[in-house]
Every structure is written in structure tokens, then in C-alpha cells.
file work_30.cif (mmCIF, N, CA, C and O atoms)
data_query
loop_
_atom_site.label_atom_id
_atom_site.label_comp_id
_atom_site.auth_asym_id
_atom_site.auth_seq_id
_atom_site.Cartn_x
_atom_site.Cartn_y
_atom_site.Cartn_z
N MET W 207 132.30 59.44 -169.26
CA MET W 207 131.50 60.32 -168.48
C MET W 207 130.15 60.51 -169.17
O MET W 207 130.09 60.84 -170.33
N SER W 208 129.12 60.28 -168.45
CA SER W 208 127.79 60.46 -169.04
C SER W 208 127.21 61.80 -168.61
O SER W 208 127.45 62.27 -167.51
N THR W 209 126.48 62.36 -169.51
CA THR W 209 125.83 63.63 -169.19
C THR W 209 124.48 63.34 -168.57
O THR W 209 123.78 62.42 -168.98
N PRO W 210 124.14 64.10 -167.56
CA PRO W 210 122.83 63.87 -166.93
C PRO W 210 121.71 64.20 -167.91
O PRO W 210 121.79 65.17 -168.67
N THR W 211 120.70 63.36 -167.90
CA THR W 211 119.55 63.62 -168.76
C THR W 211 118.44 64.24 -167.94
O THR W 211 118.22 63.86 -166.80
N ARG W 212 117.79 65.18 -168.55
CA ARG W 212 116.68 65.83 -167.86
C ARG W 212 115.41 65.07 -168.15
O ARG W 212 115.17 64.62 -169.26
N ARG W 213 114.62 64.94 -167.13
CA ARG W 213 113.31 64.32 -167.32
C ARG W 213 112.37 65.37 -167.88
O ARG W 213 112.32 66.49 -167.41
N ARG W 214 111.64 64.98 -168.88
CA ARG W 214 110.64 65.89 -169.42
C ARG W 214 109.32 65.61 -168.72
O ARG W 214 108.92 64.47 -168.58
N ARG W 215 108.69 66.68 -168.32
CA ARG W 215 107.40 66.53 -167.67
C ARG W 215 106.33 66.32 -168.73
O ARG W 215 106.41 66.87 -169.82
N ALA W 216 105.35 65.53 -168.37
CA ALA W 216 104.21 65.35 -169.26
C ALA W 216 103.48 66.69 -169.34
O ALA W 216 103.40 67.43 -168.36
N PRO W 217 102.96 67.01 -170.52
CA PRO W 217 102.24 68.28 -170.62
C PRO W 217 101.06 68.31 -169.65
O PRO W 217 100.34 67.34 -169.50
N LYS W 218 100.92 69.43 -169.01
CA LYS W 218 99.85 69.58 -168.03
C LYS W 218 98.51 69.61 -168.74
O LYS W 218 98.39 70.18 -169.81
N ASP W 219 97.54 68.96 -168.16
CA ASP W 219 96.19 68.94 -168.71
C ASP W 219 95.57 70.30 -168.44
O ASP W 219 94.97 70.53 -167.41
N GLU W 220 95.73 71.20 -169.38
CA GLU W 220 95.36 72.59 -169.16
C GLU W 220 93.85 72.80 -169.10
O GLU W 220 93.08 72.04 -169.68
N LEU W 221 93.47 73.82 -168.39
CA LEU W 221 92.07 74.24 -168.33
C LEU W 221 91.84 75.27 -169.42
O LEU W 221 92.54 76.27 -169.50
N LEU W 222 90.86 75.00 -170.27
CA LEU W 222 90.55 75.92 -171.37
C LEU W 222 89.36 76.78 -170.98
O LEU W 222 88.35 76.27 -170.49
N PRO W 223 89.44 78.08 -171.22
CA PRO W 223 88.29 78.93 -170.94
C PRO W 223 87.15 78.62 -171.90
O PRO W 223 87.35 78.09 -173.00
N LEU W 224 85.95 78.95 -171.49
CA LEU W 224 84.76 78.63 -172.27
C LEU W 224 84.84 79.21 -173.68
O LEU W 224 84.42 78.56 -174.65
N SER W 225 85.40 80.39 -173.85
CA SER W 225 85.49 81.00 -175.18
C SER W 225 86.29 80.13 -176.15
O SER W 225 85.93 79.99 -177.32
N VAL W 226 87.36 79.50 -175.67
CA VAL W 226 88.17 78.62 -176.51
C VAL W 226 87.39 77.35 -176.85
O VAL W 226 87.40 76.87 -177.98
N VAL W 227 86.67 76.81 -175.86
CA VAL W 227 85.87 75.60 -176.07
C VAL W 227 84.79 75.86 -177.12
O VAL W 227 84.60 75.06 -178.04
N LEU W 228 84.11 76.99 -177.00
CA LEU W 228 83.06 77.33 -177.96
C LEU W 228 83.63 77.45 -179.37
O LEU W 228 83.03 76.99 -180.35
N GLU W 229 84.80 78.04 -179.48
CA GLU W 229 85.45 78.20 -180.78
C GLU W 229 85.83 76.85 -181.37
O GLU W 229 85.61 76.60 -182.55
N GLU W 230 86.40 75.96 -180.55
CA GLU W 230 86.82 74.65 -181.05
C GLU W 230 85.62 73.79 -181.46
O GLU W 230 85.71 73.01 -182.41
N LEU W 231 84.53 73.89 -180.72
CA LEU W 231 83.33 73.12 -181.05
C LEU W 231 82.48 73.80 -182.12
O LEU W 231 81.54 73.20 -182.63
N ASN W 232 82.81 75.06 -182.41
CA ASN W 232 82.08 75.85 -183.39
C ASN W 232 80.59 75.95 -183.03
O ASN W 232 79.72 75.70 -183.85
N ILE W 233 80.35 76.31 -181.77
CA ILE W 233 78.98 76.49 -181.29
C ILE W 233 78.87 77.84 -180.60
O ILE W 233 79.87 78.44 -180.21
N SER W 234 77.65 78.30 -180.43
CA SER W 234 77.41 79.57 -179.75
C SER W 234 77.26 79.35 -178.25
O SER W 234 77.05 78.22 -177.78
N ARG W 235 77.33 80.43 -177.51
CA ARG W 235 77.15 80.36 -176.06
C ARG W 235 75.76 79.84 -175.68
O ARG W 235 75.65 78.98 -174.79
N PRO W 236 74.67 80.30 -176.36
CA PRO W 236 73.35 79.73 -176.03
C PRO W 236 73.27 78.22 -176.27
O PRO W 236 72.64 77.50 -175.50
N THR W 237 73.95 77.75 -177.33
CA THR W 237 73.97 76.30 -177.59
C THR W 237 74.68 75.58 -176.45
O THR W 237 74.24 74.52 -176.00
N TRP W 238 75.79 76.15 -175.98
CA TRP W 238 76.52 75.55 -174.86
C TRP W 238 75.60 75.38 -173.66
O TRP W 238 75.55 74.31 -173.06
N TYR W 239 74.87 76.43 -173.28
CA TYR W 239 74.01 76.36 -172.11
C TYR W 239 72.82 75.43 -172.34
O TYR W 239 72.37 74.76 -171.40
N ARG W 240 72.33 75.35 -173.55
CA ARG W 240 71.26 74.41 -173.86
C ARG W 240 71.77 72.97 -173.70
O ARG W 240 71.10 72.12 -173.11
N TRP W 241 72.97 72.70 -174.22
CA TRP W 241 73.57 71.38 -174.05
C TRP W 241 73.76 71.06 -172.58
O TRP W 241 73.47 69.95 -172.13
N ARG W 242 74.25 72.03 -171.83
CA ARG W 242 74.50 71.81 -170.40
C ARG W 242 73.21 71.48 -169.66
O ARG W 242 73.17 70.59 -168.81
N ASP W 243 72.12 72.20 -170.00
CA ASP W 243 70.83 71.93 -169.36
C ASP W 243 70.32 70.53 -169.68
O ASP W 243 69.60 69.93 -168.88
N ARG W 244 70.69 70.02 -170.83
CA ARG W 244 70.24 68.67 -171.26
C ARG W 244 71.21 67.57 -170.86
O ARG W 244 70.99 66.40 -171.19
N GLY W 245 72.30 67.94 -170.19
CA GLY W 245 73.27 66.94 -169.75
C GLY W 245 74.19 66.47 -170.86
O GLY W 245 74.77 65.38 -170.79
N TYR W 246 74.33 67.26 -171.91
CA TYR W 246 75.16 66.91 -173.05
C TYR W 246 76.40 67.79 -173.04
O TYR W 246 76.40 68.86 -172.45
N GLY W 247 77.43 67.37 -173.70
CA GLY W 247 78.63 68.18 -173.82
C GLY W 247 79.71 67.74 -172.86
O GLY W 247 79.50 66.89 -171.99
N PRO W 248 80.89 68.33 -173.00
CA PRO W 248 82.01 67.97 -172.12
C PRO W 248 81.79 68.48 -170.70
O PRO W 248 81.12 69.50 -170.49
N GLU W 249 82.36 67.78 -169.76
CA GLU W 249 82.25 68.18 -168.35
C GLU W 249 83.02 69.48 -168.13
O GLU W 249 84.17 69.61 -168.54
N ALA W 250 82.37 70.43 -167.53
CA ALA W 250 82.99 71.73 -167.27
C ALA W 250 83.12 71.95 -165.77
O ALA W 250 82.39 71.35 -164.98
N ARG W 251 84.05 72.79 -165.41
CA ARG W 251 84.28 73.14 -164.01
C ARG W 251 84.29 74.64 -163.86
O ARG W 251 84.67 75.36 -164.77
N ARG W 252 83.91 75.09 -162.71
CA ARG W 252 83.97 76.52 -162.41
C ARG W 252 85.21 76.74 -161.54
O ARG W 252 85.42 76.06 -160.55
N THR W 253 86.03 77.68 -161.94
CA THR W 253 87.23 77.99 -161.18
C THR W 253 86.87 78.83 -159.96
O THR W 253 85.76 79.37 -159.89
N PRO W 254 87.77 78.96 -159.00
CA PRO W 254 87.47 79.80 -157.83
C PRO W 254 87.12 81.24 -158.20
O PRO W 254 86.39 81.91 -157.48
N SER W 255 87.61 81.70 -159.34
CA SER W 255 87.30 83.07 -159.76
C SER W 255 85.94 83.15 -160.46
O SER W 255 85.49 84.24 -160.81
N GLY W 256 85.29 82.00 -160.67
CA GLY W 256 83.96 81.98 -161.27
C GLY W 256 83.92 81.69 -162.75
O GLY W 256 82.84 81.61 -163.34
N ARG W 257 85.07 81.52 -163.38
CA ARG W 257 85.11 81.23 -164.81
C ARG W 257 84.78 79.77 -165.07
O ARG W 257 85.12 78.90 -164.28
N ILE W 258 84.13 79.49 -166.20
CA ILE W 258 83.83 78.12 -166.60
C ILE W 258 84.97 77.65 -167.50
O ILE W 258 85.33 78.32 -168.46
N CYS W 259 85.54 76.49 -167.16
CA CYS W 259 86.65 75.94 -167.91
C CYS W 259 86.43 74.44 -168.15
O CYS W 259 85.72 73.78 -167.42
N VAL W 260 87.08 73.95 -169.19
CA VAL W 260 87.02 72.53 -169.55
C VAL W 260 88.46 72.04 -169.70
O VAL W 260 89.29 72.73 -170.29
N ARG W 261 88.75 70.88 -169.17
CA ARG W 261 90.09 70.31 -169.32
C ARG W 261 90.31 69.89 -170.77
O ARG W 261 89.40 69.43 -171.44
N ARG W 262 91.52 70.08 -171.25
CA ARG W 262 91.88 69.74 -172.64
C ARG W 262 91.55 68.28 -172.94
O ARG W 262 90.99 67.97 -173.98
N SER W 263 91.89 67.36 -172.04
CA SER W 263 91.66 65.93 -172.28
C SER W 263 90.17 65.62 -172.39
O SER W 263 89.75 64.79 -173.20
N VAL W 264 89.34 66.30 -171.59
CA VAL W 264 87.89 66.08 -171.63
C VAL W 264 87.32 66.59 -172.95
O VAL W 264 86.49 65.93 -173.58
N LEU W 265 87.78 67.75 -173.39
CA LEU W 265 87.31 68.30 -174.66
C LEU W 265 87.72 67.41 -175.82
O LEU W 265 86.91 67.13 -176.72
N ASP W 266 88.96 66.94 -175.82
CA ASP W 266 89.42 66.06 -176.89
C ASP W 266 88.61 64.76 -176.93
O ASP W 266 88.25 64.27 -178.00
N ALA W 267 88.32 64.19 -175.76
CA ALA W 267 87.52 62.96 -175.70
C ALA W 267 86.10 63.21 -176.23
O ALA W 267 85.54 62.39 -176.96
N PHE W 268 85.52 64.35 -175.90
CA PHE W 268 84.19 64.70 -176.39
C PHE W 268 84.19 64.86 -177.90
O PHE W 268 83.30 64.37 -178.59
N LYS W 269 85.21 65.53 -178.43
CA LYS W 269 85.31 65.71 -179.88
C LYS W 269 85.48 64.37 -180.58
O LYS W 269 84.93 64.15 -181.66
N ASP W 270 86.22 63.44 -179.97
CA ASP W 270 86.38 62.11 -180.55
C ASP W 270 85.03 61.38 -180.59
O ASP W 270 84.74 60.66 -181.55
N GLU W 271 84.24 61.54 -179.56
CA GLU W 271 82.89 60.93 -179.53
C GLU W 271 82.02 61.49 -180.65
O GLU W 271 81.27 60.75 -181.28
N LEU W 272 82.11 62.80 -180.88
CA LEU W 272 81.33 63.42 -181.95
C LEU W 272 81.73 62.88 -183.31
O LEU W 272 80.88 62.62 -184.16
N GLU W 273 83.03 62.67 -183.52
CA GLU W 273 83.50 62.15 -184.79
C GLU W 273 83.10 60.70 -185.01
O GLU W 273 82.82 60.30 -186.13
N ALA W 274 83.03 59.93 -183.92
CA ALA W 274 82.67 58.51 -184.01
C ALA W 274 81.18 58.32 -184.29
O ALA W 274 80.78 57.31 -184.86
N ALA W 275 80.37 59.27 -183.91
CA ALA W 275 78.92 59.13 -184.08
C ALA W 275 78.49 59.34 -185.51
O ALA W 275 79.08 59.79 -186.36
#

call {"tool": "encode", "arguments": {"input": "work_30.cif", "output": "C-alpha cells"}}
result
Amino acid sequence: MSTPTRRRRAPKDELLPLSVVLEELNISRPTWYRWRDRGYGPEARRTPSGRICVRRSVLDAFKDELEAA
């Protein structure tokens, strides 16, 4: 008799609030907006509630680019 195995779901690509992103990048809010105005930085999205968020995968890819440079 075999026991049924549960499928594990892949971790959801979570949306990080801007405060977490700023902390991980070690930058200030004015720097974030300056980068955004210049077209630099990770792609951000605005949620229906108006908050600015960045997907975990996008932030990780951006950090990898910074390390490679």
C-alpha cells in the first residue's frame, strides 16, 4: 500500500512593499524616486489600494545585476 504524496506548491512570487525594498537595497525613499525618474531600478507596480510593491523575483534579479556590475 502506498501512501499518497502531497504536491508542494512552488513558493508564490510575493509582492514586497516599498519599505522592504528600500531596506534590502539600503537606499532612501528620495533615492528610489530619483532612480524611478531616470528609468533605473526594479520594476514596481501599484496595487489597487495605491501601495507601491515590487515582486520578489524582480528585486532579486535587480540585486544580481548590481552585484555583476

call {"tool": "resolve_selection", "arguments": {"input": "work_30.cif", "expression": "the PyMOL selection byres ((chain W and resi 253-270) around 6)", "output": "list of chain:residue names"}}
result
W:Asp219, W:Glu220, W:Leu221, W:Leu222, W:Pro223, W:Leu224, W:Ser225, W:Pro248, W:Glu249, W:Ala250, W:Arg251, W:Arg252, W:Glu271, W:Leu272, W:Glu273, W:Ala274, W:Ala275

call {"tool": "atom_distance", "arguments": {"input": "work_30.cif", "atom1": "atom N of W:Arg240", "atom2": "atom CA of W:Leu228"}}
result
11.8 Å

call {"tool": "atom_distance", "arguments": {"input": "work_30.cif", "atom1": "atom O of W:Glu229", "atom2": "atom N of W:Tyr246"}}
result
18.1 Å

call {"tool": "atom_distance", "arguments": {"input": "work_30.cif", "atom1": "atom CA of W:Trp241", "atom2": "atom C of W:Lys218"}}
result
25.6 Å

call {"tool": "select_by_dssp", "arguments": {"input": "work_30.cif", "residues": "chain W", "states": "strand (DSSP E)", "output": "PyMOL selection string"}}
result
chain W and resi 221-223+251-252+258-261

call {"tool": "decode", "arguments": {"input": "work_30.cif", "residues": "chain W", "atoms": "C-alpha atoms", "output": "compact mmCIF listing (two decimals), in the first residue's frame"}}
result
# COMPACT_ATOMS: atom_id res chain seq x y z
CA MET W 207 0.00 0.00 0.00
CA SER W 208 1.44 3.32 -0.96
CA THR W 209 0.77 6.50 0.88
CA PRO W 210 -0.46 9.41 -1.17
CA THR W 211 2.13 12.10 -1.65
CA ARG W 212 1.20 15.71 -1.42
CA ARG W 213 2.30 18.06 -4.11
CA ARG W 214 4.18 21.02 -2.81
CA ARG W 215 3.29 24.30 -4.37
CA ALA W 216 6.04 26.50 -5.66
CA PRO W 217 6.51 29.50 -3.41
CA LYS W 218 4.38 32.36 -4.57
CA ASP W 219 6.25 35.28 -6.07
CA GLU W 220 5.32 37.66 -3.29
CA LEU W 221 4.81 41.37 -3.62
CA LEU W 222 7.14 43.31 -1.34
CA PRO W 223 6.11 46.71 -0.02
CA LEU W 224 8.36 49.63 -0.88
CA SER W 225 9.67 49.88 2.70
CA VAL W 226 11.09 46.34 2.48
CA VAL W 227 12.61 47.04 -0.94
CA LEU W 228 14.29 50.21 0.33
CA GLU W 229 15.70 48.32 3.30
CA GLU W 230 17.06 45.47 1.16
CA LEU W 231 18.66 47.88 -1.32
CA ASN W 232 19.87 50.09 1.53
CA ILE W 233 18.64 53.26 -0.16
CA SER W 234 16.44 56.14 0.91
CA ARG W 235 12.98 56.95 -0.41
CA PRO W 236 14.27 60.05 -2.32
CA THR W 237 16.90 57.84 -4.00
CA TRP W 238 14.16 55.40 -5.01
CA TYR W 239 12.13 58.17 -6.68
CA ARG W 240 15.23 59.62 -8.34
CA TRP W 241 16.04 56.18 -9.77
CA ARG W 242 12.45 55.77 -10.93
CA ASP W 243 12.51 59.15 -12.70
CA ARG W 244 15.69 58.08 -14.52
CA GLY W 245 14.29 54.69 -15.52
CA TYR W 246 16.64 52.80 -13.20
CA GLY W 247 15.81 50.24 -10.54
CA PRO W 248 13.50 47.25 -10.32
CA GLU W 249 10.09 47.35 -11.95
CA ALA W 250 7.45 48.38 -9.44
CA ARG W 251 3.69 48.06 -9.51
CA ARG W 252 0.96 49.97 -7.77
CA THR W 253 -1.63 47.81 -6.03
CA PRO W 254 -5.35 48.62 -6.21
CA SER W 255 -5.02 50.15 -2.75
CA GLY W 256 -2.34 52.53 -4.07
CA ARG W 257 0.72 50.95 -2.46
CA ILE W 258 3.94 50.57 -4.46
CA CYS W 259 5.22 46.99 -4.48
CA VAL W 260 7.97 45.01 -6.20
CA ARG W 261 7.87 41.30 -6.93
CA ARG W 262 10.49 39.25 -5.06
CA SER W 263 11.85 37.73 -8.30
CA VAL W 264 12.26 41.19 -9.89
CA LEU W 265 14.09 42.54 -6.85
CA ASP W 266 16.39 39.50 -6.71
CA ALA W 267 17.20 39.86 -10.43
CA PHE W 268 17.97 43.57 -9.95
CA LYS W 269 20.25 42.82 -6.99
CA ASP W 270 22.06 40.20 -9.09
CA GLU W 271 22.64 42.82 -11.80
CA LEU W 272 24.10 45.19 -9.21
CA GLU W 273 26.49 42.51 -7.98
CA ALA W 274 27.59 41.65 -11.53
CA ALA W 275 28.42 45.25 -12.38
